[in-house]
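Enquirer: Structure below; questions to follow.
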Amino acid sequence: MILVLEQLLNGLQYGVMLFLLAAGLTLIFGIMGVINLAHGSLYMIGAYAGTLAAAATGNFWLGIPVALVAAGAAGLAIEALVIRRLYARDHLDQVLATFGLILVFNQLITLTVGRQPVFVAIPESLAAPVELLPGLFYPPYRLVIIVAGLLVAFGLYLLINRTRIGMLVRAGATNRDMVRALGVDIRLLYTVVFGLGALLAGFAGYVSGPISAVQVGMGEQILLATFVVVVVGGVGSIKGAFVAGLLLGIVDTMLRAFLPGLLRGVMPASEADALGIGIASMGIYLLMALVLLVRPKGLFAAGA
């Protein structure tokens with residue numbers, strides 16, 4: 001039972017990370033109609049900028065605003081210089097252009113920092129495991145990530161459902177042509193949405209640094225799972241990104257942790273491990289297929 005609870009918390013933490021990335025991506029695609037493969041690069045930029053700043057100053061918390069500023073500035077630059085020219089183009093042009101941005105950013109990081117992974121030490125107060133239940137010791141840093149992700153989700157809920165900007169975002173996700181016809185500065189709305197997505201990606205990249213190495217190409221490693229979250233939750237839906245992120249994070253973690261062990265009861269250990277790892281790696285995609293069979297547009301409607 002202790003192991004199950006520990007893996008549930010790990011899945012919740014992974015799901016929160018997926019949500020932080022998917023929230024910005026689903027808004028960008030749902031409102032702007034742009035497939036942005038470079039979203040993972042913003043995740044990487046935030047991770048590198050925050051980690052290098054924390055290492056230089058010795059202050060972990062100072063890395064957070066640096067990561068936000070770096071990712072936000074990079075996002076605004078991408079929107080102004082590249083994405084703005086792709087709104088009227090088809091998705092193939094968007095894919096090719098943003099894939100090119102991935103190559104550019106990976107090479108820039110390689111030239112300026114190198115290919116060796118960089119690390120940042122978490123604060124000492126968050127280093128020692130805490131006992132949540134008798135026998136259940138868990139790293140407090142992962143708990144901080146979970147709490148921070150839930151706070152961000154609540155903040156996005158208030159922004160989307162309780163503000164004028166949120167009203168325009170929801171309207172844009174439903175019918176952006178009508179929003180433009182009503183006289184709304186759609187270019188400014190696009191810039192705000194893209195900048196918000198970049199901030200969320202940069203924050204996710206930095207806080208994930210102490211758990212996984214900050215290295216070139218780290219954004220592409222998580223981008224595919226992020227797209228699955230967007231599709232399962234419903235394109236343009238923040239609520240869908242939150243629910244799908246947590247669901248897929250828990251499913252992926254639980255399958256990887258327990259499926260090989262369960263299969264060992266019915267087949268040799270080597271075969272069970274190989275089959276279990278293979279099925280676990282496909283788990284979220286199988287779940288996506290099942291969801292789309294029942295709800296082809298995802299769990300929630302655009303703008304929800």
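Ordered as shown in the structure tokens, chains take letters A, B, and onward, while each chain numbers its residues from 1 and ligands are numbered from 1 in the order shown.
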Near Met32 of chain A, within 10 Å and counting only C-alpha atoms, which residues show up once chain neighbours fewer than 6 positions away are dropped, as a VMD selection string?
Expert: chain A and resid 26 83 to 84 86 to 87 172 to 173 176 186 to 187 189 to 191 193 to 194 236
Enquirer: For the selection you just gave me, I'd like the residues written to a file as a PDB file, in the first residue's frame, keeping N, CA and C atoms.
Expert:
```
ATOM      1  N   THR A  26      -2.666  23.996 -25.510  1.00  0.00           N
ATOM      2  CA  THR A  26      -4.061  23.874 -25.927  1.00  0.00           C
ATOM      3  C   THR A  26      -4.673  25.237 -26.208  1.00  0.00           C
ATOM      4  N   ILE A  83       5.546  33.068 -35.797  1.00  0.00           N
ATOM      5  CA  ILE A  83       4.174  32.569 -35.733  1.00  0.00           C
ATOM      6  C   ILE A  83       3.196  33.533 -36.393  1.00  0.00           C
ATOM      7  N   ARG A  84       3.407  34.825 -36.241  1.00  0.00           N
ATOM      8  CA  ARG A  84       2.489  35.821 -36.804  1.00  0.00           C
ATOM      9  C   ARG A  84       2.364  35.695 -38.317  1.00  0.00           C
ATOM     10  N   LEU A  86       2.323  32.859 -39.838  1.00  0.00           N
ATOM     11  CA  LEU A  86       1.803  31.529 -40.142  1.00  0.00           C
ATOM     12  C   LEU A  86       0.307  31.395 -39.894  1.00  0.00           C
ATOM     13  N   TYR A  87      -0.346  32.449 -39.391  1.00  0.00           N
ATOM     14  CA  TYR A  87      -1.757  32.325 -39.047  1.00  0.00           C
ATOM     15  C   TYR A  87      -2.613  31.914 -40.238  1.00  0.00           C
ATOM     16  N   GLY A 172     -12.557  33.181 -28.298  1.00  0.00           N
ATOM     17  CA  GLY A 172     -11.633  32.905 -29.392  1.00  0.00           C
ATOM     18  C   GLY A 172     -11.461  31.425 -29.632  1.00  0.00           C
ATOM     19  N   ALA A 173     -11.507  30.649 -28.573  1.00  0.00           N
ATOM     20  CA  ALA A 173     -11.390  29.196 -28.725  1.00  0.00           C
ATOM     21  C   ALA A 173     -12.616  28.605 -29.403  1.00  0.00           C
ATOM     22  N   ARG A 176     -13.023  32.243 -33.373  1.00  0.00           N
ATOM     23  CA  ARG A 176     -12.117  33.385 -33.424  1.00  0.00           C
ATOM     24  C   ARG A 176     -12.488  34.374 -34.527  1.00  0.00           C
ATOM     25  N   ILE A 186      -7.378  41.144 -32.337  1.00  0.00           N
ATOM     26  CA  ILE A 186      -7.057  39.718 -32.290  1.00  0.00           C
ATOM     27  C   ILE A 186      -5.561  39.490 -32.236  1.00  0.00           C
ATOM     28  N   ARG A 187      -4.777  40.412 -32.824  1.00  0.00           N
ATOM     29  CA  ARG A 187      -3.321  40.258 -32.784  1.00  0.00           C
ATOM     30  C   ARG A 187      -2.808  40.359 -31.359  1.00  0.00           C
ATOM     31  N   LEU A 189      -4.579  39.743 -28.654  1.00  0.00           N
ATOM     32  CA  LEU A 189      -5.056  38.550 -27.949  1.00  0.00           C
ATOM     33  C   LEU A 189      -4.143  37.363 -28.230  1.00  0.00           C
ATOM     34  N   TYR A 190      -3.742  37.206 -29.492  1.00  0.00           N
ATOM     35  CA  TYR A 190      -2.831  36.123 -29.841  1.00  0.00           C
ATOM     36  C   TYR A 190      -1.504  36.259 -29.095  1.00  0.00           C
ATOM     37  N   THR A 191      -0.998  37.481 -29.017  1.00  0.00           N
ATOM     38  CA  THR A 191       0.284  37.706 -28.335  1.00  0.00           C
ATOM     39  C   THR A 191       0.180  37.363 -26.849  1.00  0.00           C
ATOM     40  N   VAL A 193      -1.963  35.291 -25.412  1.00  0.00           N
ATOM     41  CA  VAL A 193      -2.116  33.847 -25.262  1.00  0.00           C
ATOM     42  C   VAL A 193      -0.780  33.136 -25.448  1.00  0.00           C
ATOM     43  N   PHE A 194      -0.034  33.525 -26.467  1.00  0.00           N
ATOM     44  CA  PHE A 194       1.243  32.878 -26.723  1.00  0.00           C
ATOM     45  C   PHE A 194       2.225  33.156 -25.582  1.00  0.00           C
ATOM     46  N   GLY A 236      -8.238  23.378 -26.815  1.00  0.00           N
ATOM     47  CA  GLY A 236      -8.751  24.670 -26.380  1.00  0.00           C
ATOM     48  C   GLY A 236      -9.352  24.678 -24.994  1.00  0.00           C
TER      49      GLY A 236
END
```
Enquirer: As a PyMOL selection string, please: the residues near Glu6 of chain A (cut-off 8 Å, only C-alpha atoms, same-chain neighbours under 3 positions excluded).
Expert: chain A and resi 2-3+9-10+136+138
Enquirer: Could you produce a table of the residues of segment 64-89 of chain A lying within 12 Å of segment 56-60 of chain A, with the nearest pair of atoms per residue and their separation in Å rounded to one decimal, using only C-alpha atoms, ordered by chain and increasing residue number, as CSV?
Expert:
```
residue,atom,partner,partner_atom,distance
A:Ile64,CA,A:Phe60,CA,7.7
A:Pro65,CA,A:Phe60,CA,10.4
A:Val66,CA,A:Phe60,CA,10.6
A:Ala67,CA,A:Phe60,CA,11.2
```
Enquirer: Could you write those residues out with N, CA, C and O atoms, as a JSON list (two decimals), in the first residue's frame?
Expert:
```
[["chain", "number", "residue", "atom", "x", "y", "z"],
["A", 64, "ILE", "N", 13.36, 31.10, -10.56],
["A", 64, "ILE", "CA", 11.98, 31.08, -11.06],
["A", 64, "ILE", "C", 11.67, 32.31, -11.90],
["A", 64, "ILE", "O", 11.22, 32.18, -13.05],
["A", 65, "PRO", "N", 11.88, 33.55, -11.38],
["A", 65, "PRO", "CA", 11.58, 34.71, -12.24],
["A", 65, "PRO", "C", 12.47, 34.77, -13.47],
["A", 65, "PRO", "O", 12.03, 35.22, -14.53],
["A", 66, "VAL", "N", 13.72, 34.31, -13.35],
["A", 66, "VAL", "CA", 14.60, 34.31, -14.53],
["A", 66, "VAL", "C", 14.06, 33.37, -15.59],
["A", 66, "VAL", "O", 14.04, 33.69, -16.79],
["A", 67, "ALA", "N", 13.60, 32.19, -15.17],
["A", 67, "ALA", "CA", 13.03, 31.23, -16.11],
["A", 67, "ALA", "C", 11.78, 31.80, -16.78],
["A", 67, "ALA", "O", 11.58, 31.66, -17.99]]
```
Enquirer: Just the strand (DSSP E or B) stuff from segment 131-165 of chain A, please, per backbone DSSP, written as a PyMOL selection string.
Expert: chain A and resi 131-133+136-138
Enquirer: Can you pull out every residue within 10 Å of Gly205 of chain A, counting only C-alpha atoms, but drop anything in the same chain fewer than 2 positions away, and send it as an NGL selection string?
Expert: :A and (17 or 20-21 or 40-51 or 64 or 67-68 or 71 or 199-203 or 207-210 or 212 or 214 or 218-219)
Enquirer: For Ala171 of chain A, please output as an mmCIF file with N, CA and C atoms, in the first residue's frame all residues within 12 Å (counting only C-alpha atoms; exclusion window: fewer than 3 positions along the same chain).
Expert:
```
data_model
loop_
_atom_site.group_PDB
_atom_site.id
_atom_site.type_symbol
_atom_site.label_atom_id
_atom_site.label_comp_id
_atom_site.auth_asym_id
_atom_site.auth_seq_id
_atom_site.Cartn_x
_atom_site.Cartn_y
_atom_site.Cartn_z
ATOM 1 N N LEU A 27 -4.254 26.268 -25.460
ATOM 2 C CA LEU A 27 -4.747 27.612 -25.748
ATOM 3 C C LEU A 27 -4.221 28.106 -27.092
ATOM 4 N N GLY A 30 -5.972 25.987 -29.784
ATOM 5 C CA GLY A 30 -7.412 26.179 -29.790
ATOM 6 C C GLY A 30 -7.829 27.562 -30.249
ATOM 7 N N ILE A 31 -7.059 28.592 -29.910
ATOM 8 C CA ILE A 31 -7.434 29.963 -30.253
ATOM 9 C C ILE A 31 -6.752 30.418 -31.533
ATOM 10 N N MET A 32 -5.469 30.154 -31.654
ATOM 11 C CA MET A 32 -4.703 30.659 -32.783
ATOM 12 C C MET A 32 -4.676 29.693 -33.954
ATOM 13 N N ILE A 160 -9.486 32.552 -16.773
ATOM 14 C CA ILE A 160 -10.302 32.190 -17.928
ATOM 15 C C ILE A 160 -11.790 32.431 -17.673
ATOM 16 N N ASN A 161 -12.240 32.245 -16.436
ATOM 17 C CA ASN A 161 -13.677 32.291 -16.156
ATOM 18 C C ASN A 161 -14.145 33.545 -15.436
ATOM 19 N N ARG A 164 -12.166 39.650 -18.172
ATOM 20 C CA ARG A 164 -12.510 39.976 -19.553
ATOM 21 C C ARG A 164 -11.562 39.269 -20.527
ATOM 22 N N ILE A 165 -10.279 39.227 -20.168
ATOM 23 C CA ILE A 165 -9.337 38.525 -21.035
ATOM 24 C C ILE A 165 -9.746 37.068 -21.182
ATOM 25 N N GLY A 166 -10.147 36.462 -20.079
ATOM 26 C CA GLY A 166 -10.589 35.077 -20.133
ATOM 27 C C GLY A 166 -11.821 34.897 -21.000
ATOM 28 N N MET A 167 -12.733 35.873 -20.929
ATOM 29 C CA MET A 167 -13.922 35.803 -21.774
ATOM 30 C C MET A 167 -13.538 35.817 -23.253
ATOM 31 N N LEU A 168 -12.574 36.683 -23.607
ATOM 32 C CA LEU A 168 -12.113 36.749 -24.991
ATOM 33 C C LEU A 168 -11.388 35.469 -25.394
ATOM 34 N N THR A 174 -13.768 29.268 -29.248
ATOM 35 C CA THR A 174 -15.006 28.777 -29.847
ATOM 36 C C THR A 174 -15.173 29.266 -31.287
ATOM 37 N N ASN A 175 -14.947 30.581 -31.504
ATOM 38 C CA ASN A 175 -15.130 31.151 -32.844
ATOM 39 C C ASN A 175 -14.270 32.404 -32.969
ATOM 40 N N ARG A 176 -13.023 32.243 -33.373
ATOM 41 C CA ARG A 176 -12.117 33.385 -33.424
ATOM 42 C C ARG A 176 -12.488 34.374 -34.527
ATOM 43 N N ASP A 177 -13.154 33.913 -35.588
ATOM 44 C CA ASP A 177 -13.574 34.832 -36.644
ATOM 45 C C ASP A 177 -14.625 35.814 -36.129
ATOM 46 N N MET A 178 -15.534 35.347 -35.306
ATOM 47 C CA MET A 178 -16.544 36.230 -34.731
ATOM 48 C C MET A 178 -15.913 37.238 -33.781
ATOM 49 N N VAL A 179 -14.929 36.809 -32.999
ATOM 50 C CA VAL A 179 -14.230 37.730 -32.096
ATOM 51 C C VAL A 179 -13.565 38.831 -32.898
ATOM 52 N N ARG A 180 -12.945 38.472 -34.011
ATOM 53 C CA ARG A 180 -12.308 39.478 -34.874
ATOM 54 C C ARG A 180 -13.351 40.421 -35.458
ATOM 55 N N ALA A 181 -14.503 39.880 -35.854
ATOM 56 C CA ALA A 181 -15.549 40.701 -36.453
ATOM 57 C C ALA A 181 -16.144 41.691 -35.456
ATOM 58 N N LEU A 182 -16.092 41.370 -34.168
ATOM 59 C CA LEU A 182 -16.625 42.258 -33.135
ATOM 60 C C LEU A 182 -15.667 43.397 -32.790
ATOM 61 N N VAL A 184 -12.410 43.145 -31.742
ATOM 62 C CA VAL A 184 -11.361 42.844 -30.770
ATOM 63 C C VAL A 184 -10.005 42.819 -31.481
ATOM 64 N N ILE A 186 -7.378 41.144 -32.337
ATOM 65 C CA ILE A 186 -7.057 39.718 -32.290
ATOM 66 C C ILE A 186 -5.561 39.490 -32.236
ATOM 67 N N LEU A 189 -4.579 39.743 -28.654
ATOM 68 C CA LEU A 189 -5.056 38.550 -27.949
ATOM 69 C C LEU A 189 -4.143 37.363 -28.230
ATOM 70 N N GLY A 236 -8.238 23.378 -26.815
ATOM 71 C CA GLY A 236 -8.751 24.670 -26.380
ATOM 72 C C GLY A 236 -9.352 24.678 -24.994
ATOM 73 N N SER A 237 -9.344 23.544 -24.290
ATOM 74 C CA SER A 237 -9.972 23.449 -22.977
ATOM 75 C C SER A 237 -8.918 23.367 -21.875
ATOM 76 N N ALA A 302 -14.041 23.017 -26.416
ATOM 77 C CA ALA A 302 -13.136 24.157 -26.478
ATOM 78 C C ALA A 302 -13.687 25.306 -25.650
ATOM 79 N N GLY A 303 -12.771 25.965 -24.915
ATOM 80 C CA GLY A 303 -13.159 27.094 -24.083
ATOM 81 C C GLY A 303 -13.654 26.719 -22.705
ATOM 82 N N ALA A 304 -13.789 25.417 -22.421
ATOM 83 C CA ALA A 304 -14.277 24.988 -21.108
ATOM 84 C C ALA A 304 -13.178 25.088 -20.067
#
```
Enquirer: Which one of A:Val235, A:Val230, A:Gly265, A:Leu259 sits closest to Ala301 of chain A if you count only C-alpha atoms?
Expert: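 Of all the options, A:Val235 lies closest to Ala301 of chain A.
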Enquirer: I'd like the contact shell of Ala55 of chain A - 10 Å cut-off, only C-alpha atoms, skipping same-chain residues fewer than 5 positions apart - returned as number ranges by chain.
Expert: A: 50, 60, 62-63, 118-121
Enquirer: For the selection you just gave me, I'd like the residues written to a file as a PDB file, in the first residue's frame, keeping C-alpha atoms.
Expert:
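out39.pdb, freshly written:
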```
ATOM      1  CA  GLY A  50      16.554  29.363 -14.405  1.00  0.00           C
ATOM      2  CA  PHE A  60      17.184  28.384  -6.130  1.00  0.00           C
ATOM      3  CA  LEU A  62      15.794  33.397  -7.932  1.00  0.00           C
ATOM      4  CA  GLY A  63      15.796  30.984 -10.838  1.00  0.00           C
ATOM      5  CA  VAL A 118      23.368  20.957 -16.053  1.00  0.00           C
ATOM      6  CA  PHE A 119      21.921  20.556 -12.591  1.00  0.00           C
ATOM      7  CA  VAL A 120      20.609  22.762  -9.820  1.00  0.00           C
ATOM      8  CA  ALA A 121      20.494  21.846  -6.155  1.00  0.00           C
TER       9      ALA A 121
END
```
Enquirer: With a distance cut-off of 10 Å and only C-alpha atoms, select the neighbouring residues of Tyr14 of chain A, excluding the residue or stretch itself and same-chain residues fewer than 4 positions from it, and output the selection as a PDB file with all heavy atoms, in the first residue's frame.
Expert:
```pdb
ATOM      1  N   LEU A   8       1.310   6.881  -6.734  1.00  0.00           N
ATOM      2  CA  LEU A   8       0.211   7.805  -7.024  1.00  0.00           C
ATOM      3  C   LEU A   8       0.676   9.253  -6.924  1.00  0.00           C
ATOM      4  O   LEU A   8       0.323  10.097  -7.755  1.00  0.00           O
ATOM      5  CB  LEU A   8      -0.957   7.553  -6.064  1.00  0.00           C
ATOM      6  CG  LEU A   8      -1.887   6.400  -6.398  1.00  0.00           C
ATOM      7  CD1 LEU A   8      -2.898   6.191  -5.272  1.00  0.00           C
ATOM      8  CD2 LEU A   8      -2.620   6.650  -7.721  1.00  0.00           C
ATOM      9  N   LEU A   9       1.469   9.536  -5.900  1.00  0.00           N
ATOM     10  CA  LEU A   9       2.010  10.892  -5.762  1.00  0.00           C
ATOM     11  C   LEU A   9       2.961  11.212  -6.909  1.00  0.00           C
ATOM     12  O   LEU A   9       2.954  12.338  -7.432  1.00  0.00           O
ATOM     13  CB  LEU A   9       2.726  11.037  -4.410  1.00  0.00           C
ATOM     14  CG  LEU A   9       1.818  11.076  -3.186  1.00  0.00           C
ATOM     15  CD1 LEU A   9       2.654  11.029  -1.905  1.00  0.00           C
ATOM     16  CD2 LEU A   9       0.960  12.336  -3.195  1.00  0.00           C
ATOM     17  N   ASN A  10       3.783  10.236  -7.299  1.00  0.00           N
ATOM     18  CA  ASN A  10       4.666  10.458  -8.451  1.00  0.00           C
ATOM     19  C   ASN A  10       3.859  10.727  -9.717  1.00  0.00           C
ATOM     20  O   ASN A  10       4.211  11.605 -10.520  1.00  0.00           O
ATOM     21  CB  ASN A  10       5.567   9.238  -8.662  1.00  0.00           C
ATOM     22  CG  ASN A  10       6.650   9.115  -7.624  1.00  0.00           C
ATOM     23  OD1 ASN A  10       7.021  10.093  -6.967  1.00  0.00           O
ATOM     24  ND2 ASN A  10       7.187   7.923  -7.438  1.00  0.00           N
ATOM     25  N   LEU A  18       2.698  17.805 -16.917  1.00  0.00           N
ATOM     26  CA  LEU A  18       2.052  17.722 -18.220  1.00  0.00           C
ATOM     27  C   LEU A  18       0.998  18.808 -18.372  1.00  0.00           C
ATOM     28  O   LEU A  18       0.854  19.407 -19.445  1.00  0.00           O
ATOM     29  CB  LEU A  18       1.409  16.342 -18.405  1.00  0.00           C
ATOM     30  CG  LEU A  18       2.364  15.161 -18.585  1.00  0.00           C
ATOM     31  CD1 LEU A  18       1.568  13.850 -18.665  1.00  0.00           C
ATOM     32  CD2 LEU A  18       3.206  15.324 -19.840  1.00  0.00           C
ATOM     33  N   PHE A  19       0.262  19.087 -17.302  1.00  0.00           N
ATOM     34  CA  PHE A  19      -0.759  20.131 -17.372  1.00  0.00           C
ATOM     35  C   PHE A  19      -0.143  21.499 -17.632  1.00  0.00           C
ATOM     36  O   PHE A  19      -0.657  22.278 -18.447  1.00  0.00           O
ATOM     37  CB  PHE A  19      -1.568  20.167 -16.071  1.00  0.00           C
ATOM     38  CG  PHE A  19      -2.317  21.459 -15.882  1.00  0.00           C
ATOM     39  CD1 PHE A  19      -3.417  21.749 -16.676  1.00  0.00           C
ATOM     40  CD2 PHE A  19      -1.907  22.385 -14.933  1.00  0.00           C
ATOM     41  CE1 PHE A  19      -4.095  22.953 -16.521  1.00  0.00           C
ATOM     42  CE2 PHE A  19      -2.585  23.581 -14.774  1.00  0.00           C
ATOM     43  CZ  PHE A  19      -3.680  23.869 -15.567  1.00  0.00           C
ATOM     44  N   ARG A 142       8.868  17.418  -4.471  1.00  0.00           N
ATOM     45  CA  ARG A 142       7.811  16.945  -5.363  1.00  0.00           C
ATOM     46  C   ARG A 142       6.438  17.418  -4.867  1.00  0.00           C
ATOM     47  O   ARG A 142       5.547  17.728  -5.670  1.00  0.00           O
ATOM     48  CB  ARG A 142       7.839  15.425  -5.473  1.00  0.00           C
ATOM     49  CG  ARG A 142       9.047  14.880  -6.263  1.00  0.00           C
ATOM     50  CD  ARG A 142       9.016  13.367  -6.313  1.00  0.00           C
ATOM     51  NE  ARG A 142      10.124  12.814  -7.068  1.00  0.00           N
ATOM     52  CZ  ARG A 142      10.076  12.470  -8.348  1.00  0.00           C
ATOM     53  NH1 ARG A 142       8.942  12.617  -9.013  1.00  0.00           N
ATOM     54  NH2 ARG A 142      11.124  11.960  -8.969  1.00  0.00           N
ATOM     55  N   ILE A 145       5.991  20.937  -6.018  1.00  0.00           N
ATOM     56  CA  ILE A 145       5.602  20.993  -7.432  1.00  0.00           C
ATOM     57  C   ILE A 145       4.104  20.721  -7.584  1.00  0.00           C
ATOM     58  O   ILE A 145       3.408  21.405  -8.345  1.00  0.00           O
ATOM     59  CB  ILE A 145       6.413  19.974  -8.252  1.00  0.00           C
ATOM     60  CG1 ILE A 145       7.886  20.384  -8.308  1.00  0.00           C
ATOM     61  CG2 ILE A 145       5.854  19.852  -9.664  1.00  0.00           C
ATOM     62  CD1 ILE A 145       8.763  19.402  -9.060  1.00  0.00           C
ATOM     63  N   ILE A 146       3.606  19.729  -6.856  1.00  0.00           N
ATOM     64  CA  ILE A 146       2.174  19.409  -6.937  1.00  0.00           C
ATOM     65  C   ILE A 146       1.335  20.597  -6.489  1.00  0.00           C
ATOM     66  O   ILE A 146       0.374  20.993  -7.167  1.00  0.00           O
ATOM     67  CB  ILE A 146       1.863  18.166  -6.093  1.00  0.00           C
ATOM     68  CG1 ILE A 146       2.541  16.928  -6.692  1.00  0.00           C
ATOM     69  CG2 ILE A 146       0.357  17.946  -5.989  1.00  0.00           C
ATOM     70  CD1 ILE A 146       2.441  15.689  -5.826  1.00  0.00           C
ATOM     71  N   SER A 208      11.157  21.268 -13.141  1.00  0.00           N
ATOM     72  CA  SER A 208      11.471  19.863 -13.427  1.00  0.00           C
ATOM     73  C   SER A 208      12.970  19.606 -13.441  1.00  0.00           C
ATOM     74  O   SER A 208      13.392  18.438 -13.433  1.00  0.00           O
ATOM     75  CB  SER A 208      10.872  19.451 -14.775  1.00  0.00           C
ATOM     76  OG  SER A 208      11.527  20.101 -15.844  1.00  0.00           O
ATOM     77  N   GLY A 245      -4.197  15.745 -17.988  1.00  0.00           N
ATOM     78  CA  GLY A 245      -2.818  15.716 -17.505  1.00  0.00           C
ATOM     79  C   GLY A 245      -2.675  14.834 -16.276  1.00  0.00           C
ATOM     80  O   GLY A 245      -1.774  13.981 -16.211  1.00  0.00           O
ATOM     81  N   LEU A 246      -3.558  15.032 -15.303  1.00  0.00           N
ATOM     82  CA  LEU A 246      -3.488  14.212 -14.091  1.00  0.00           C
ATOM     83  C   LEU A 246      -3.787  12.745 -14.407  1.00  0.00           C
ATOM     84  O   LEU A 246      -3.107  11.841 -13.899  1.00  0.00           O
ATOM     85  CB  LEU A 246      -4.482  14.736 -13.056  1.00  0.00           C
ATOM     86  CG  LEU A 246      -4.238  16.154 -12.519  1.00  0.00           C
ATOM     87  CD1 LEU A 246      -5.213  16.469 -11.391  1.00  0.00           C
ATOM     88  CD2 LEU A 246      -2.806  16.333 -12.036  1.00  0.00           C
ATOM     89  N   LEU A 247      -4.792  12.502 -15.239  1.00  0.00           N
ATOM     90  CA  LEU A 247      -5.168  11.133 -15.575  1.00  0.00           C
ATOM     91  C   LEU A 247      -4.027  10.406 -16.279  1.00  0.00           C
ATOM     92  O   LEU A 247      -3.642   9.287 -15.882  1.00  0.00           O
ATOM     93  CB  LEU A 247      -6.413  11.144 -16.464  1.00  0.00           C
ATOM     94  CG  LEU A 247      -6.875   9.790 -17.005  1.00  0.00           C
ATOM     95  CD1 LEU A 247      -7.272   8.864 -15.867  1.00  0.00           C
ATOM     96  CD2 LEU A 247      -8.030   9.973 -17.981  1.00  0.00           C
ATOM     97  N   LEU A 248      -3.456  11.028 -17.296  1.00  0.00           N
ATOM     98  CA  LEU A 248      -2.390  10.375 -18.054  1.00  0.00           C
ATOM     99  C   LEU A 248      -1.115  10.251 -17.229  1.00  0.00           C
ATOM    100  O   LEU A 248      -0.376   9.267 -17.358  1.00  0.00           O
ATOM    101  CB  LEU A 248      -2.116  11.158 -19.334  1.00  0.00           C
ATOM    102  CG  LEU A 248      -3.258  11.154 -20.355  1.00  0.00           C
ATOM    103  CD1 LEU A 248      -2.925  12.034 -21.547  1.00  0.00           C
ATOM    104  CD2 LEU A 248      -3.577   9.752 -20.821  1.00  0.00           C
ATOM    105  N   GLY A 249      -0.835  11.234 -16.374  1.00  0.00           N
ATOM    106  CA  GLY A 249       0.341  11.145 -15.516  1.00  0.00           C
ATOM    107  C   GLY A 249       0.260   9.965 -14.566  1.00  0.00           C
ATOM    108  O   GLY A 249       1.233   9.219 -14.395  1.00  0.00           O
ATOM    109  N   ILE A 250      -0.913   9.772 -13.967  1.00  0.00           N
ATOM    110  CA  ILE A 250      -1.090   8.664 -13.031  1.00  0.00           C
ATOM    111  C   ILE A 250      -1.075   7.323 -13.769  1.00  0.00           C
ATOM    112  O   ILE A 250      -0.437   6.354 -13.321  1.00  0.00           O
ATOM    113  CB  ILE A 250      -2.401   8.841 -12.243  1.00  0.00           C
ATOM    114  CG1 ILE A 250      -2.275  10.040 -11.295  1.00  0.00           C
ATOM    115  CG2 ILE A 250      -2.745   7.577 -11.459  1.00  0.00           C
ATOM    116  CD1 ILE A 250      -3.563  10.398 -10.579  1.00  0.00           C
ATOM    117  N   ASP A 252       0.357   6.533 -16.671  1.00  0.00           N
ATOM    118  CA  ASP A 252       1.704   6.235 -17.150  1.00  0.00           C
ATOM    119  C   ASP A 252       2.601   5.765 -16.002  1.00  0.00           C
ATOM    120  O   ASP A 252       3.323   4.771 -16.134  1.00  0.00           O
ATOM    121  CB  ASP A 252       2.303   7.479 -17.806  1.00  0.00           C
ATOM    122  CG  ASP A 252       3.681   7.220 -18.380  1.00  0.00           C
ATOM    123  OD1 ASP A 252       3.778   6.612 -19.448  1.00  0.00           O
ATOM    124  OD2 ASP A 252       4.674   7.655 -17.745  1.00  0.00           O
ATOM    125  N   THR A 253       2.547   6.464 -14.881  1.00  0.00           N
ATOM    126  CA  THR A 253       3.403   6.112 -13.743  1.00  0.00           C
ATOM    127  C   THR A 253       3.033   4.754 -13.169  1.00  0.00           C
ATOM    128  O   THR A 253       3.907   3.928 -12.875  1.00  0.00           O
ATOM    129  CB  THR A 253       3.299   7.190 -12.656  1.00  0.00           C
ATOM    130  OG1 THR A 253       3.683   8.453 -13.200  1.00  0.00           O
ATOM    131  CG2 THR A 253       4.210   6.854 -11.478  1.00  0.00           C
TER     132      THR A 253
END
```
Enquirer: Could you tell me how far atom CA of Ala244 of chain A lies from atom CA of Leu103 of chain A, in Å and to one decimal?
Expert: 28.9 Å
Enquirer: Could you tell me how far atom CA of Trp61 of chain A lies from atom CA of Thr163 of chain A, in Å and to one decimal?
Expert: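 Pair atom CA of Trp61 of chain A / atom CA of Thr163 of chain A returns 29.0 Å.
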